[in-house]
Amino acid sequence: MSVHHGVMRRPASVLVSGRLVLRRWQRQDIDALARAIRDSHDHLLPWSLLAVGDSRDVATDLVTTARSEWERDEAYKYAILVEGLVVGGCGLMRRAGPGGLEIGYWLHGDWTGRGLVTEAVAVLIAAGFALDGVEWLEIRHDVANVASAGVPRRLGFAEVKLQTAPHAPSPRMPGESGVVRVWRKTRP
Ligand SMILES: CC(C)(COP(=O)(O)OP(=O)(O)OC[C@H]1O[C@@H](n2cnc3c(N)ncnc32)[C@H](O)[C@@H]1OP(=O)(O)O)[C@@H](O)C(=O)NCCC(=O)NCCS
């Protein structure tokens with residue numbers, strides 16, 4: 001972590017909150033991540049590319065990519081840990097454009113319904129606004145993904161627009177409608 005006059009360029013590798021720890025993905029997480037993805041296949045399939053392909057390959061690719069993105073300051077992706085167990089993932093991504101960061105998240109299918117992602121994203125909000133030059137945070141999800149919508153709603157994001165999914169093919173995953181809702185929160 002680099003600190004200049006109290007303003008950080010990167011978030012900390014480990015962020016702690018009441019029930020959970022967010023820890024920058026490390027190679028040692030690949031086995032646990034592969035297992036979480038494999039166990040959650042049916043839960044992730046409607047919405048997430050994590051469900052596409054061999055879970056071991058997907059996990060290896062996620063961790064490897066996350067490590068290089070972190071080094072290049074493109075994204076800061078974390079494992080969500082409860083008592084040391086990988087129960088999901090989340091991160092801050094710079095692809096939203098200058099002055100902003102996009103937040104992404106997913107949970108293991110057995111760990112939903114407890115507010116864990118909401119708690120993880122609350123931690124990311126604080127970490128994001130602590131970074132140099134970050135004025136707003138964005139969350140995007142397919143409008144059909146009602147569970148995902150609950151996260152920005154509970155955390156006081158404002159709905160800013162609906163747009164056609166920018167990628168082709170669209171919809172890409174079987175649960176998707178192809179219409180994306182964009183939420184934003186500006187620096188308090
Ligand atoms: C999107 C996803 C992470 C949301 O998971 P989730 O369990 O709904 O989110 P949270 O962990 O914040 O839990 C919220 C739920 O727990 C309940 N809850 C219980 N205790 C809570 C607490 N202390 N705080 C907040 N919510 C709490 C909430 O009421 C809510 O349940 P409800 O929707 O029935 O009202 C999950 O559905 C998922 O992994 N989906 C597949 C991948 C995906 O779609 N990712 C997002 C792509 S944009």
# chains A, B, ... in the order shown; residues from 1 in each chain; ligands from 1
>>> closest_atom_pairs(of="chain A", to="ligand 1", cutoff="10 Å", atoms="only C-alpha atoms and all ligand atoms", output="Markdown table")
| residue | atom | partner | partner_atom_place_in_ligand_line | distance |
| --- | --- | --- | --- | --- |
| A:Arg19 | CA | ligand 1 | 23 (N) | 9.7 |
| A:Ser40 | CA | ligand 1 | 39 (O) | 8.7 |
| A:His41 | CA | ligand 1 | 41 (C) | 9.6 |
| A:Asp42 | CA | ligand 1 | 41 (C) | 9.3 |
| A:His43 | CA | ligand 1 | 41 (C) | 6.0 |
| A:Leu44 | CA | ligand 1 | 41 (C) | 4.6 |
| A:Leu45 | CA | ligand 1 | 41 (C) | 7.7 |
| A:Pro46 | CA | ligand 1 | 41 (C) | 7.5 |
| A:Trp47 | CA | ligand 1 | 44 (O) | 4.9 |
| A:Ser48 | CA | ligand 1 | 42 (C) | 5.5 |
| A:Leu49 | CA | ligand 1 | 42 (C) | 9.0 |
| A:Leu50 | CA | ligand 1 | 42 (C) | 8.5 |
| A:Ala51 | CA | ligand 1 | 42 (C) | 9.4 |
| A:Val87 | CA | ligand 1 | 39 (O) | 9.6 |
| A:Gly88 | CA | ligand 1 | 39 (O) | 7.4 |
| A:Gly89 | CA | ligand 1 | 3 (C) | 8.7 |
| A:Cys90 | CA | ligand 1 | 3 (C) | 8.9 |
| A:Ile103 | CA | ligand 1 | 48 (S) | 9.0 |
| A:Gly104 | CA | ligand 1 | 48 (S) | 6.3 |
| A:Tyr105 | CA | ligand 1 | 46 (C) | 5.3 |
| A:Trp106 | CA | ligand 1 | 39 (O) | 3.7 |
| A:Leu107 | CA | ligand 1 | 39 (O) | 3.7 |
| A:His108 | CA | ligand 1 | 39 (O) | 6.1 |
| A:Gly109 | CA | ligand 1 | 39 (O) | 6.5 |
| A:Asp110 | CA | ligand 1 | 7 (O) | 9.0 |
| A:Trp111 | CA | ligand 1 | 7 (O) | 6.6 |
| A:Thr112 | CA | ligand 1 | 7 (O) | 3.1 |
| A:Gly113 | CA | ligand 1 | 16 (O) | 3.2 |
| A:Arg114 | CA | ligand 1 | 19 (C) | 3.6 |
| A:Gly115 | CA | ligand 1 | 13 (O) | 3.2 |
| A:Leu116 | CA | ligand 1 | 11 (O) | 3.7 |
| A:Val117 | CA | ligand 1 | 11 (O) | 3.8 |
| A:Thr118 | CA | ligand 1 | 12 (O) | 3.7 |
| A:Glu119 | CA | ligand 1 | 12 (O) | 6.6 |
| A:Ala120 | CA | ligand 1 | 12 (O) | 8.1 |
| A:Val121 | CA | ligand 1 | 12 (O) | 8.4 |
| A:Ala122 | CA | ligand 1 | 12 (O) | 9.8 |
| A:Ile139 | CA | ligand 1 | 48 (S) | 7.5 |
| A:Arg140 | CA | ligand 1 | 48 (S) | 5.9 |
| A:His141 | CA | ligand 1 | 48 (S) | 4.0 |
| A:Asp142 | CA | ligand 1 | 48 (S) | 6.5 |
| A:Val143 | CA | ligand 1 | 48 (S) | 9.3 |
| A:Ala144 | CA | ligand 1 | 44 (O) | 9.7 |
| A:Asn145 | CA | ligand 1 | 44 (O) | 6.3 |
| A:Val146 | CA | ligand 1 | 1 (C) | 7.9 |
| A:Ala147 | CA | ligand 1 | 8 (O) | 4.6 |
| A:Ser148 | CA | ligand 1 | 1 (C) | 3.7 |
| A:Ala149 | CA | ligand 1 | 1 (C) | 7.5 |
| A:Gly150 | CA | ligand 1 | 33 (O) | 6.3 |
| A:Val151 | CA | ligand 1 | 12 (O) | 5.6 |
| A:Pro152 | CA | ligand 1 | 12 (O) | 9.3 |
| A:Arg154 | CA | ligand 1 | 25 (C) | 7.4 |
| A:Leu155 | CA | ligand 1 | 25 (C) | 9.3 |
| A:Gly175 | CA | ligand 1 | 44 (O) | 9.3 |
| A:Glu176 | CA | ligand 1 | 44 (O) | 9.7 |
| A:Val180 | CA | ligand 1 | 48 (S) | 9.1 |
| A:Arg181 | CA | ligand 1 | 48 (S) | 9.5 |
>>> select_by_dssp(residues="chain A", states="helix (DSSP H, G or I)", output="VMD selection string")
chain A and resid 27 to 39 41 to 44 49 to 51 55 to 71 94 to 96 109 to 111 116 to 129 146 to 154
>>> select_by_dssp(residues="region 2-187 of chain A", states="strand (DSSP E)", output="JSON, numbers by chain")
{"A": [3, 4, 7, 8, 14, 15, 16, 21, 22, 23, 24, 75, 76, 77, 78, 79, 80, 81, 82, 85, 86, 87, 88, 89, 90, 91, 92, 93, 100, 101, 102, 103, 104, 105, 106, 107, 136, 137, 138, 139, 140, 141, 142, 158, 159, 160, 161, 162, 163, 164, 179, 180, 181, 182, 183, 184, 185, 186]}
>>> residues_around(residues="Pro188 (chain A)", least_positions_apart="4", cutoff="10 Å", atoms="only C-alpha atoms", output="list in words")
Phe129, Glu135 and Trp136 of chain A
>>> residues_around(residues="Ala32 (chain A)", least_positions_apart="4", cutoff="8 Å", atoms="only C-alpha atoms", output="tab-separated table (two decimals) with N, CA and C atoms, in the first residue's frame")
chain	number	residue	atom	x	y	z
A	36	ALA	N	-15.48	-23.92	-4.30
A	36	ALA	CA	-16.64	-23.03	-4.12
A	36	ALA	C	-17.39	-22.86	-5.44
A	85	LEU	N	-12.78	-19.60	5.58
A	85	LEU	CA	-13.36	-20.33	4.45
A	85	LEU	C	-13.71	-19.36	3.32
A	86	VAL	N	-13.39	-19.75	2.07
A	86	VAL	CA	-13.76	-18.91	0.91
A	86	VAL	C	-15.26	-19.06	0.66
>>> atom_distance(atom1="CA of Glu138 (chain A)", atom2="CA of Ser170 (chain A)")
20.8 Å
